[in-house]
$ cat run_36.cif   # mmCIF, C-alpha atoms
data_run
loop_
_atom_site.label_atom_id
_atom_site.label_comp_id
_atom_site.auth_asym_id
_atom_site.auth_seq_id
_atom_site.Cartn_x
_atom_site.Cartn_y
_atom_site.Cartn_z
CA MET A 1 0.00 0.00 0.00
CA THR A 2 2.99 2.19 0.57
CA ASP A 3 4.67 4.02 -2.29
CA LYS A 4 6.12 1.29 -4.52
CA ASN A 5 9.48 3.02 -4.64
CA TYR A 6 9.92 2.53 -0.93
CA GLN A 7 8.63 -1.01 -0.60
CA LYS A 8 12.11 -2.51 -1.00
CA VAL A 9 13.72 -0.24 1.55
CA ILE A 10 10.87 -0.84 4.00
CA GLU A 11 11.44 -4.60 3.70
CA SER A 12 15.13 -4.08 4.25
CA LEU A 13 14.52 -1.90 7.31
CA HIS A 14 12.12 -4.47 8.68
CA ALA A 15 14.54 -7.36 8.19
CA CYS A 16 17.32 -5.34 9.80
CA MET A 17 15.13 -4.48 12.80
CA GLU A 18 14.33 -8.15 13.32
CA ALA A 19 17.96 -9.26 12.89
CA CYS A 20 19.20 -6.60 15.33
CA ASN A 21 16.65 -7.53 17.96
CA HIS A 22 17.40 -11.23 17.57
CA CYS A 23 21.13 -10.48 17.94
CA TYR A 24 20.32 -8.31 20.97
CA THR A 25 18.44 -11.00 22.88
CA SER A 26 20.97 -13.69 21.92
CA SER A 27 24.01 -11.60 22.85
CA LEU A 28 22.46 -10.63 26.17
CA GLU A 29 21.72 -14.28 27.01
CA GLU A 30 24.99 -15.82 25.90
CA ASP A 31 27.83 -13.59 26.97
CA ALA A 32 26.72 -10.08 27.78
CA ASN A 33 30.08 -8.92 29.18
CA HIS A 34 31.86 -9.47 25.87
CA MET A 35 28.99 -8.25 23.74
CA LYS A 36 28.26 -4.86 25.35
CA ALA A 37 28.98 -2.77 22.28
CA CYS A 38 26.97 -5.17 20.15
CA ILE A 39 23.97 -5.07 22.52
CA ARG A 40 23.92 -1.27 22.61
CA LEU A 41 24.20 -0.90 18.86
CA ASN A 42 21.60 -3.63 18.25
CA ARG A 43 19.07 -1.70 20.31
CA GLU A 44 19.95 1.59 18.66
CA CYS A 45 19.88 0.24 15.13
CA ALA A 46 16.62 -1.68 15.62
CA THR A 47 14.95 1.41 17.07
CA ILE A 48 16.10 3.63 14.21
CA CYS A 49 15.12 1.10 11.50
CA SER A 50 11.69 0.73 13.05
CA ALA A 51 11.18 4.51 13.21
CA PHE A 52 12.31 5.00 9.61
CA GLU A 53 10.18 2.10 8.39
CA GLN A 54 7.09 3.70 9.82
CA ALA A 55 8.05 7.19 8.66
CA LEU A 56 8.39 5.94 5.08
CA SER A 57 4.94 4.39 5.30
CA TYR A 58 3.42 7.82 6.00
CA ASN A 59 5.52 9.58 3.37
CA THR A 60 7.83 11.41 5.74
CA ALA A 61 9.07 14.83 4.63
CA PHE A 62 12.51 13.98 6.05
CA ILE A 63 13.73 11.01 4.03
CA GLN A 64 17.25 12.37 3.55
CA GLU A 65 17.81 12.97 7.26
CA TYR A 66 16.29 9.64 8.31
CA ALA A 67 18.35 7.84 5.67
CA LYS A 68 21.58 9.41 6.90
CA LEU A 69 20.82 8.53 10.53
CA CYS A 70 19.84 5.01 9.58
CA LYS A 71 22.80 4.40 7.28
CA THR A 72 25.22 5.53 10.00
CA ALA A 73 23.58 3.29 12.59
CA CYS A 74 23.49 0.29 10.23
CA VAL A 75 27.17 0.64 9.32
CA ALA A 76 28.17 1.01 12.99
CA CYS A 77 26.12 -2.02 14.03
CA GLY A 78 27.30 -4.06 11.04
CA ASP A 79 30.95 -3.23 11.79
CA GLU A 80 30.56 -4.27 15.44
CA CYS A 81 28.72 -7.50 14.62
CA SER A 82 31.36 -8.37 12.01
CA LYS A 83 33.90 -8.73 14.84
CA HIS A 84 32.03 -11.70 16.31
CA ASN A 85 31.62 -15.29 15.10
CA HIS A 86 28.13 -15.95 16.42
CA ASP A 87 25.62 -16.88 13.74
CA HIS A 88 23.24 -14.15 14.92
CA CYS A 89 26.05 -11.59 14.60
CA LYS A 90 26.91 -12.68 11.08
CA LYS A 91 23.28 -12.52 10.02
CA CYS A 92 22.84 -9.18 11.73
CA ALA A 93 25.90 -7.72 10.00
CA GLU A 94 24.55 -8.90 6.63
CA SER A 95 21.16 -7.31 7.28
CA CYS A 96 22.78 -4.10 8.51
CA TYR A 97 24.99 -3.74 5.44
CA ALA A 98 22.08 -4.53 3.10
CA CYS A 99 19.99 -1.90 4.85
CA ALA A 100 22.82 0.65 4.79
CA LYS A 101 23.05 0.13 1.03
CA GLU A 102 19.31 0.80 0.61
CA CYS A 103 19.61 3.92 2.76
CA ALA A 104 22.58 5.13 0.72
CA GLN A 105 20.44 5.00 -2.42
CA LEU A 106 17.92 7.34 -0.80
CA ILE A 107 20.59 9.91 -0.07
CA ALA A 108 20.85 12.31 -2.96
CA MET B 1 14.95 -14.87 12.87
CA THR B 2 12.26 -14.10 15.37
CA ASP B 3 10.49 -16.87 17.25
CA LYS B 4 8.59 -18.87 14.62
CA ASN B 5 5.40 -18.69 16.67
CA TYR B 6 5.30 -14.95 16.35
CA GLN B 7 6.25 -14.60 12.71
CA LYS B 8 2.63 -14.60 11.55
CA VAL B 9 1.51 -11.98 14.05
CA ILE B 10 4.53 -9.81 13.24
CA GLU B 11 3.57 -9.89 9.55
CA SER B 12 0.01 -9.00 10.47
CA LEU B 13 1.15 -6.10 12.67
CA HIS B 14 3.42 -4.86 9.92
CA ALA B 15 0.68 -5.00 7.28
CA CYS B 16 -1.70 -3.21 9.62
CA MET B 17 0.84 -0.48 10.35
CA GLU B 18 1.34 0.12 6.63
CA ALA B 19 -2.42 0.10 5.89
CA CYS B 20 -3.11 2.53 8.74
CA ASN B 21 -0.40 4.94 7.63
CA HIS B 22 -1.57 4.78 4.02
CA CYS B 23 -5.13 5.49 5.17
CA TYR B 24 -3.81 8.33 7.36
CA THR B 25 -2.02 10.16 4.54
CA SER B 26 -4.89 9.57 2.08
CA SER B 27 -7.59 10.71 4.51
CA LEU B 28 -5.62 13.80 5.42
CA GLU B 29 -5.17 14.72 1.75
CA GLU B 30 -8.66 14.00 0.51
CA ASP B 31 -11.15 15.24 3.06
CA ALA B 32 -9.65 15.80 6.46
CA ASN B 33 -12.69 17.48 8.01
CA HIS B 34 -14.85 14.38 7.52
CA MET B 35 -12.11 11.92 8.37
CA LYS B 36 -10.89 13.31 11.72
CA ALA B 37 -11.71 10.23 13.76
CA CYS B 38 -10.16 8.03 11.11
CA ILE B 39 -6.96 10.08 10.98
CA ARG B 40 -6.52 10.00 14.76
CA LEU B 41 -7.15 6.28 15.03
CA ASN B 42 -4.90 5.55 12.04
CA ARG B 43 -1.99 7.25 13.77
CA GLU B 44 -2.72 5.55 17.07
CA CYS B 45 -3.15 2.11 15.60
CA ALA B 46 -0.06 2.35 13.38
CA THR B 47 2.06 3.49 16.33
CA ILE B 48 0.84 0.67 18.56
CA CYS B 49 1.29 -2.01 15.87
CA SER B 50 4.81 -0.78 15.20
CA ALA B 51 5.69 -0.84 18.90
CA PHE B 52 4.26 -4.34 19.39
CA GLU B 53 5.95 -5.64 16.25
CA GLN B 54 9.32 -4.58 17.57
CA ALA B 55 8.59 -5.79 21.10
CA LEU B 56 7.77 -9.26 19.77
CA SER B 57 11.05 -9.33 17.88
CA TYR B 58 12.97 -8.92 21.16
CA ASN B 59 10.79 -11.39 23.04
CA THR B 60 8.92 -8.90 25.19
CA ALA B 61 7.92 -10.04 28.66
CA PHE B 62 4.58 -8.24 28.22
CA ILE B 63 2.87 -10.02 25.33
CA GLN B 64 -0.53 -10.20 27.01
CA GLU B 65 -0.65 -6.49 27.80
CA TYR B 66 0.64 -5.44 24.38
CA ALA B 67 -1.85 -7.79 22.68
CA LYS B 68 -4.76 -6.31 24.63
CA LEU B 69 -3.74 -2.74 23.80
CA CYS B 70 -3.19 -3.63 20.16
CA LYS B 71 -6.43 -5.61 19.78
CA THR B 72 -8.43 -2.71 21.25
CA ALA B 73 -6.76 -0.20 18.93
CA CYS B 74 -7.21 -2.42 15.86
CA VAL B 75 -10.91 -2.98 16.56
CA ALA B 76 -11.49 0.75 17.15
CA CYS B 77 -9.65 1.72 13.96
CA GLY B 78 -11.33 -1.06 11.95
CA ASP B 79 -14.78 0.03 13.17
CA GLU B 80 -14.12 3.64 12.22
CA CYS B 81 -12.70 2.79 8.79
CA SER B 82 -15.67 0.50 8.12
CA LYS B 83 -17.91 3.57 8.10
CA HIS B 84 -16.22 4.99 5.01
CA ASN B 85 -16.27 3.90 1.38
CA HIS B 86 -12.75 4.91 0.40
CA ASP B 87 -10.63 2.02 -0.88
CA HIS B 88 -7.90 2.84 1.62
CA CYS B 89 -10.45 2.71 4.46
CA LYS B 90 -11.77 -0.68 3.36
CA LYS B 91 -8.27 -2.10 3.10
CA CYS B 92 -7.34 -0.57 6.42
CA ALA B 93 -10.39 -2.06 8.13
CA GLU B 94 -9.52 -5.49 6.72
CA SER B 95 -5.93 -5.24 7.97
CA CYS B 96 -7.11 -4.01 11.36
CA TYR B 97 -9.57 -6.86 11.85
CA ALA B 98 -7.01 -9.44 10.68
CA CYS B 99 -4.51 -8.02 13.14
CA ALA B 100 -7.07 -7.91 15.97
CA LYS B 101 -7.71 -11.61 15.35
CA GLU B 102 -4.00 -12.42 15.62
CA CYS B 103 -3.77 -10.38 18.82
CA ALA B 104 -6.79 -12.18 20.26
CA GLN B 105 -5.01 -15.51 19.82
CA LEU B 106 -2.13 -14.24 21.93
CA ILE B 107 -4.46 -13.36 24.79
CA ALA B 108 -4.78 -16.32 27.08
CA MET C 1 -0.15 22.35 27.17
CA THR C 2 -1.35 18.83 27.67
CA ASP C 3 -4.54 18.11 29.60
CA LYS C 4 -3.83 19.22 33.19
CA ASN C 5 -5.10 15.94 34.56
CA TYR C 6 -2.32 14.06 32.83
CA GLN C 7 0.56 16.41 33.49
CA LYS C 8 1.59 14.58 36.67
CA VAL C 9 1.54 11.15 35.08
CA ILE C 10 3.47 12.45 32.05
CA GLU C 11 6.18 13.76 34.38
CA SER C 12 6.27 10.43 36.15
CA LEU C 13 6.52 8.52 32.87
CA HIS C 14 9.29 10.81 31.71
CA ALA C 15 11.29 10.43 34.94
CA CYS C 16 10.86 6.66 34.76
CA MET C 17 12.02 6.55 31.15
CA GLU C 18 15.15 8.49 32.06
CA ALA C 19 15.86 6.38 35.17
CA CYS C 20 15.42 3.14 33.20
CA ASN C 21 17.73 4.25 30.42
CA HIS C 22 20.34 5.44 32.90
CA CYS C 23 20.13 2.08 34.69
CA TYR C 24 20.38 0.32 31.30
CA THR C 25 23.60 2.03 30.22
CA SER C 26 25.15 1.69 33.69
CA SER C 27 24.23 -1.98 34.07
CA LEU C 28 25.54 -2.78 30.61
CA GLU C 29 28.86 -1.05 31.35
CA GLU C 30 29.46 -2.37 34.86
CA ASP C 31 28.53 -6.02 34.95
CA ALA C 32 26.30 -7.06 32.10
CA ASN C 33 26.42 -10.81 32.83
CA HIS C 34 24.82 -10.37 36.24
CA MET C 35 22.41 -7.67 35.12
CA LYS C 36 20.81 -9.32 32.09
CA ALA C 37 17.26 -9.31 33.41
CA CYS C 38 17.68 -5.73 34.56
CA ILE C 39 19.00 -4.58 31.17
CA ARG C 40 16.14 -6.21 29.27
CA LEU C 41 13.46 -4.83 31.55
CA ASN C 42 15.10 -1.37 31.56
CA ARG C 43 14.84 -1.22 27.79
CA GLU C 44 11.27 -2.53 27.78
CA CYS C 45 10.06 -0.23 30.52
CA ALA C 46 11.73 2.87 29.06
CA THR C 47 10.22 2.16 25.65
CA ILE C 48 6.73 1.67 27.07
CA CYS C 49 6.91 4.79 29.29
CA SER C 50 8.06 6.85 26.32
CA ALA C 51 5.24 5.55 24.12
CA PHE C 52 2.60 6.18 26.80
CA GLU C 53 3.97 9.63 27.55
CA GLN C 54 3.56 10.65 23.95
CA ALA C 55 0.16 8.96 23.61
CA LEU C 56 -1.15 10.94 26.59
CA SER C 57 0.06 14.14 24.99
CA TYR C 58 -2.19 13.52 21.97
CA ASN C 59 -5.13 12.38 24.06
CA THR C 60 -4.96 8.69 23.24
CA ALA C 61 -8.25 6.81 23.09
CA PHE C 62 -6.57 3.85 24.83
CA ILE C 63 -5.54 5.15 28.25
CA GLN C 64 -6.76 2.08 30.13
CA GLU C 65 -4.84 -0.36 27.96
CA TYR C 66 -1.67 1.73 27.93
CA ALA C 67 -1.89 2.18 31.70
CA LYS C 68 -2.19 -1.57 32.26
CA LEU C 69 0.76 -2.33 30.00
CA CYS C 70 2.83 0.40 31.61
CA LYS C 71 1.95 -0.55 35.18
CA THR C 72 2.89 -4.17 34.55
CA ALA C 73 6.21 -3.18 32.98
CA CYS C 74 7.01 -0.71 35.77
CA VAL C 75 6.30 -3.26 38.51
CA ALA C 76 8.39 -5.93 36.75
CA CYS C 77 11.32 -3.54 36.24
CA GLY C 78 11.01 -2.16 39.78
CA ASP C 79 11.00 -5.67 41.24
CA GLU C 80 14.10 -6.66 39.29
CA CYS C 81 16.00 -3.46 40.14
CA SER C 82 15.09 -3.90 43.81
CA LYS C 83 17.28 -7.02 43.89
CA HIS C 84 20.43 -5.01 43.22
CA ASN C 85 22.40 -2.58 45.38
CA HIS C 86 23.63 -0.24 42.67
CA ASP C 87 22.54 3.36 43.13
CA HIS C 88 21.12 3.46 39.62
CA CYS C 89 19.05 0.35 40.37
CA LYS C 90 17.65 1.82 43.59
CA LYS C 91 16.73 5.05 41.85
CA CYS C 92 15.24 3.16 38.93
CA ALA C 93 13.12 1.00 41.25
CA GLU C 94 11.84 4.14 42.98
CA SER C 95 10.91 5.76 39.67
CA CYS C 96 9.28 2.55 38.45
CA TYR C 97 7.12 2.15 41.55
CA ALA C 98 6.13 5.84 41.49
CA CYS C 99 5.15 5.48 37.85
CA ALA C 100 3.26 2.24 38.48
CA LYS C 101 1.26 4.08 41.15
CA GLU C 102 0.34 6.86 38.71
CA CYS C 103 -0.68 4.28 36.11
CA ALA C 104 -2.81 2.45 38.68
CA GLN C 105 -4.79 5.64 39.27
CA LEU C 106 -5.63 5.80 35.57
CA ILE C 107 -7.05 2.29 35.63
CA ALA C 108 -10.72 2.43 36.41
CA MET D 1 20.08 11.08 35.94
CA THR D 2 20.97 11.65 32.34
CA ASP D 3 24.24 13.29 31.36
CA LYS D 4 24.01 16.89 32.68
CA ASN D 5 25.09 18.29 29.33
CA TYR D 6 22.00 16.91 27.68
CA GLN D 7 19.44 17.75 30.35
CA LYS D 8 18.58 21.09 28.74
CA VAL D 9 18.12 19.66 25.26
CA ILE D 10 16.03 16.77 26.65
CA GLU D 11 13.71 19.30 28.30
CA SER D 12 13.48 21.23 25.06
CA LEU D 13 12.71 18.07 23.08
CA HIS D 14 10.08 17.09 25.60
CA ALA D 15 8.39 20.51 25.53
CA CYS D 16 8.42 20.46 21.72
CA MET D 17 6.89 16.97 21.62
CA GLU D 18 4.06 18.12 23.90
CA ALA D 19 3.47 21.36 21.98
CA CYS D 20 3.41 19.51 18.64
CA ASN D 21 0.95 16.92 19.90
CA HIS D 22 -1.27 19.59 21.43
CA CYS D 23 -1.21 21.50 18.13
CA TYR D 24 -1.97 18.23 16.29
CA THR D 25 -5.09 17.39 18.27
CA SER D 26 -6.32 21.01 18.22
CA SER D 27 -5.74 21.46 14.48
CA LEU D 28 -7.47 18.18 13.70
CA GLU D 29 -10.51 19.18 15.78
CA GLU D 30 -10.86 22.77 14.66
CA ASP D 31 -10.29 22.94 10.94
CA ALA D 32 -8.50 19.92 9.56
CA ASN D 33 -8.90 20.83 5.89
CA HIS D 34 -6.91 24.03 6.27
CA MET D 35 -4.36 22.57 8.67
CA LYS D 36 -3.26 19.46 6.77
CA ALA D 37 0.38 20.42 6.46
CA CYS D 38 0.43 21.45 10.10
CA ILE D 39 -1.10 18.16 11.26
CA ARG D 40 1.38 16.07 9.28
CA LEU D 41 4.39 18.02 10.48
CA ASN D 42 3.12 18.03 14.07
CA ARG D 43 3.01 14.25 14.08
CA GLU D 44 6.40 13.95 12.41
CA CYS D 45 8.10 16.47 14.65
CA ALA D 46 6.61 15.03 17.86
CA THR D 47 7.69 11.52 16.89
CA ILE D 48 11.24 12.61 16.09
CA CYS D 49 11.59 14.70 19.27
CA SER D 50 10.36 11.77 21.35
CA ALA D 51 12.80 9.37 19.69
CA PHE D 52 15.74 11.74 20.14
CA GLU D 53 14.80 12.47 23.74
CA GLN D 54 14.94 8.81 24.59
CA ALA D 55 18.11 8.22 22.56
CA LEU D 56 19.90 10.97 24.49
CA SER D 57 18.86 9.36 27.76
CA TYR D 58 20.72 6.16 26.79
CA ASN D 59 23.72 7.99 25.43
CA THR D 60 23.12 7.36 21.76
CA ALA D 61 26.17 6.97 19.55
CA PHE D 62 24.39 8.99 16.84
CA ILE D 63 23.85 12.44 18.34
CA GLN D 64 24.95 14.33 15.24
CA GLU D 65 22.59 12.45 12.92
CA TYR D 66 19.64 12.64 15.33
CA ALA D 67 20.28 16.36 15.89
CA LYS D 68 20.28 17.05 12.15
CA LEU D 69 17.05 15.12 11.61
CA CYS D 70 15.42 16.82 14.58
CA LYS D 71 16.58 20.31 13.69
CA THR D 72 15.23 19.94 10.15
CA ALA D 73 11.87 18.66 11.43
CA CYS D 74 11.61 21.42 14.06
CA VAL D 75 12.35 24.17 11.54
CA ALA D 76 9.84 22.74 9.04
CA CYS D 77 7.12 22.42 11.68
CA GLY D 78 7.92 25.84 13.16
CA ASP D 79 7.74 27.46 9.71
CA GLU D 80 4.38 25.85 8.98
CA CYS D 81 2.90 26.75 12.38
CA SER D 82 4.12 30.33 11.98
CA LYS D 83 1.67 30.76 9.09
CA HIS D 84 -1.34 30.30 11.40
CA ASN D 85 -2.83 32.53 14.07
CA HIS D 86 -4.09 29.86 16.44
CA ASP D 87 -2.62 30.05 19.92
CA HIS D 88 -1.56 26.41 19.76
CA CYS D 89 0.26 27.11 16.49
CA LYS D 90 2.11 30.09 17.92
CA LYS D 91 3.17 28.13 20.98
CA CYS D 92 4.15 25.18 18.83
CA ALA D 93 6.27 27.36 16.55
CA GLU D 94 8.04 28.83 19.60
CA SER D 95 8.79 25.37 21.00
CA CYS D 96 9.96 24.15 17.61
CA TYR D 97 12.37 27.02 17.09
CA ALA D 98 13.70 26.72 20.66
CA CYS D 99 14.27 23.02 20.08
CA ALA D 100 15.89 23.61 16.69
CA LYS D 101 18.32 25.97 18.41
CA GLU D 102 19.25 23.33 20.99
CA CYS D 103 19.74 20.77 18.24
CA ALA D 104 21.93 23.19 16.29
CA GLN D 105 24.26 23.46 19.28
CA LEU D 106 24.76 19.70 19.22
CA ILE D 107 25.80 19.76 15.58
CA ALA D 108 29.55 20.18 15.36
#

$ encode --input "run_36.cif" --output "structure tokens"
Amino acid sequence: MTDKNYQKVIESLHACMEACNHCYTSSLEEDANHMKACIRLNRECATICSAFEQALSYNTAFIQEYAKLCKTACVACGDECSKHNHDHCKKCAESCYACAKECAQLIA
Amino acid sequence: MTDKNYQKVIESLHACMEACNHCYTSSLEEDANHMKACIRLNRECATICSAFEQALSYNTAFIQEYAKLCKTACVACGDECSKHNHDHCKKCAESCYACAKECAQLIA
Amino acid sequence: MTDKNYQKVIESLHACMEACNHCYTSSLEEDANHMKACIRLNRECATICSAFEQALSYNTAFIQEYAKLCKTACVACGDECSKHNHDHCKKCAESCYACAKECAQLIA
Amino acid sequence: MTDKNYQKVIESLHACMEACNHCYTSSLEEDANHMKACIRLNRECATICSAFEQALSYNTAFIQEYAKLCKTACVACGDECSKHNHDHCKKCAESCYACAKECAQLIA
């Protein structure tokens, strides 16, 4: 129902939000002391993806600014998750980088 | 990546959020004076679905309470949208009722 | 500017959100392995307080349901924080119980 | 409890969120057809202020990006509200510009 042009980025934001939150709960359970930075960035990135996702669905007037915030958060979270060997971290990093790429295309 | 049991309700929440926000922007553009109640409930329902969607993806400890809030909002928004003949209202009402049904199944 | 009747509960929600997020960052830094439950509930409670705070400021139609969700989250977070001796946990528990009390008054 | 340096901007974000939501509900009630742009920007600006407020309270790693998004939204909403003579619009514009100024100080 949302603008066709944004459907792909919305799906990417949604997948990234889910991957970040899955990584968050797993990291917290398994070895929180070593995964602090990951946990913090997972929460941040999931929150930002979720906000942007919804903003796109009501045709936000601030796509550029949201996209820049979201791209920065996705790259930071992806870089942190890339340091770890857990499956959930690898999947999260993939989702983050894919989402960062979608955001980059929205930035003029 | 999220708990399999919740994947269907997450999809339903996501679809409802998008339908509500589409109805919100359309109602605001077309005939805001006659669609006030719709516009308000669209925003409310979209916001609640989005919050619940994310909460489920990090295994919230408050599923029952979120589901009750969300079911109430979806029924209220669906009932309001059912009064109007716009395509976006009909689709929104459908999404709201489908989502309310999913929420009801989460309530013990 | 918000309805006078809700100004006190909004302040309480806001203070609780801040206390939870302060407890979250401190717990994550200091000793994440022993504070897992606290960290998770801090995030949950802060998110719910923030959502309710904003909903009250636009005269949500779902005060009862929000208040029940928020009260449950505040009590759960307060109970968990009460188990720990950290200053930030004590202050968070206080804010959570104060907020739960405000929410209880909104529940008919 | 939050970092002292951010207490003033958090208060400003909070006041702006409340003013925007008050303007939103009033505009929707009074004369929605003529206040469309105002209503949309009120919702957007309130949502962004609320998100940034909470992010600051957990020491977000993305202050610059949030501040840019928030400043842009506050200026846009303030400019729109400045076109109208309603009391709630005047107060909203004031809060928006005050908040934009706080955000500007966070941008390096």

$ closest_atom_pairs --input "run_36.cif" --of "chain B" --to "chain D" --cutoff "10 Å" --atoms "only C-alpha atoms" --output "CSV"
residue,atom,partner,partner_atom,distance
B:Tyr24,CA,D:Arg40,CA,9.5
B:Thr25,CA,D:Arg40,CA,8.3
B:Leu28,CA,D:Lys36,CA,6.3
B:Glu29,CA,D:Lys36,CA,7.2
B:Glu30,CA,D:Asn33,CA,8.7
B:Asp31,CA,D:Asn33,CA,6.7
B:Ala32,CA,D:Asn33,CA,5.1
B:Asn33,CA,D:Ala32,CA,5.1
B:His34,CA,D:Ala32,CA,8.7
B:Met35,CA,D:Ala32,CA,8.9
B:Lys36,CA,D:Leu28,CA,6.3
B:Ala37,CA,D:Leu28,CA,9.0
B:Ile39,CA,D:Leu28,CA,8.6
B:Arg40,CA,D:Leu28,CA,8.3
B:Arg43,CA,D:Arg43,CA,8.6
B:Thr47,CA,D:Thr47,CA,9.8

$ residues_around --input "run_36.cif" --residues "stretch 11-22 of chain C" --least-positions-apart "5" --cutoff "7 Å" --atoms "all atoms listed in the file" --output "list in words"
Asn42, Arg43, Cys45, Ala46, Cys49, Ser50, Glu53, Lys91, Cys92, Ser95, Cys96 and Cys99 of chain C; Met1, Thr2, Ser57 and Tyr58 of chain D

$ atom_distance --input "run_36.cif" --atom1 "atom CA of A:Asp79" --atom2 "atom CA of A:Ala93"
7.0 Å

$ resolve_selection --input "run_36.cif" --expression "the PyMOL selection byres ((chain B and resi 65-74) around 6)" --output "number ranges by chain"
B: 45, 62-64, 75-78, 96, 100, 103; C: 65, 69

$ atom_distance --input "run_36.cif" --atom1 "atom CA of C:Glu80" --atom2 "atom CA of C:Glu102"
19.3 Å

$ atom_distance --input "run_36.cif" --atom1 "atom CA of B:Ala55" --atom2 "atom CA of D:Leu56"
20.5 Å

$ axis_aligned_box --input "run_36.cif" --around "stretch 83-99 of chain C" --padding-each-side "6 Å" --output "JSON"
{"center_x": 14.4, "center_y": -0.6, "center_z": 41.6, "size_x": 30.5, "size_y": 24.9, "size_z": 19.5}

$ build_atoms --input "run_36.cif" --residues "stretch 9-25 of chain C" --atoms "N, CA and C atoms" --output "tab-separated table (two decimals), in the coordinates of the input"
chain	number	residue	atom	x	y	z
C	9	VAL	N	1.16	12.48	35.54
C	9	VAL	CA	1.54	11.15	35.08
C	9	VAL	C	2.57	11.25	33.95
C	10	ILE	N	2.46	12.27	33.10
C	10	ILE	CA	3.47	12.45	32.05
C	10	ILE	C	4.85	12.69	32.67
C	11	GLU	N	4.89	13.52	33.70
C	11	GLU	CA	6.18	13.76	34.38
C	11	GLU	C	6.74	12.47	34.99
C	12	SER	N	5.85	11.69	35.54
C	12	SER	CA	6.27	10.43	36.15
C	12	SER	C	6.77	9.43	35.09
C	13	LEU	N	6.09	9.38	33.98
C	13	LEU	CA	6.52	8.52	32.87
C	13	LEU	C	7.87	8.97	32.33
C	14	HIS	N	8.04	10.27	32.23
C	14	HIS	CA	9.29	10.81	31.71
C	14	HIS	C	10.46	10.50	32.66
C	15	ALA	N	10.24	10.72	33.95
C	15	ALA	CA	11.29	10.43	34.94
C	15	ALA	C	11.63	8.94	34.93
C	16	CYS	N	10.64	8.10	34.78
C	16	CYS	CA	10.86	6.66	34.76
C	16	CYS	C	11.64	6.25	33.51
C	17	MET	N	11.29	6.83	32.39
C	17	MET	CA	12.02	6.55	31.15
C	17	MET	C	13.50	6.91	31.31
C	18	GLU	N	13.76	8.08	31.88
C	18	GLU	CA	15.15	8.49	32.06
C	18	GLU	C	15.89	7.58	33.05
C	19	ALA	N	15.23	7.24	34.15
C	19	ALA	CA	15.86	6.38	35.17
C	19	ALA	C	16.15	4.98	34.60
C	20	CYS	N	15.22	4.46	33.83
C	20	CYS	CA	15.42	3.14	33.20
C	20	CYS	C	16.59	3.16	32.21
C	21	ASN	N	16.65	4.19	31.40
C	21	ASN	CA	17.73	4.25	30.42
C	21	ASN	C	19.09	4.50	31.07
C	22	HIS	N	19.10	5.25	32.16
C	22	HIS	CA	20.34	5.44	32.90
C	22	HIS	C	20.78	4.12	33.53
C	23	CYS	N	19.85	3.39	34.09
C	23	CYS	CA	20.13	2.08	34.69
C	23	CYS	C	20.61	1.10	33.60
C	24	TYR	N	20.01	1.18	32.45
C	24	TYR	CA	20.38	0.32	31.30
C	24	TYR	C	21.84	0.54	30.90
C	25	THR	N	22.22	1.78	30.67
C	25	THR	CA	23.60	2.03	30.22
C	25	THR	C	24.60	1.69	31.33
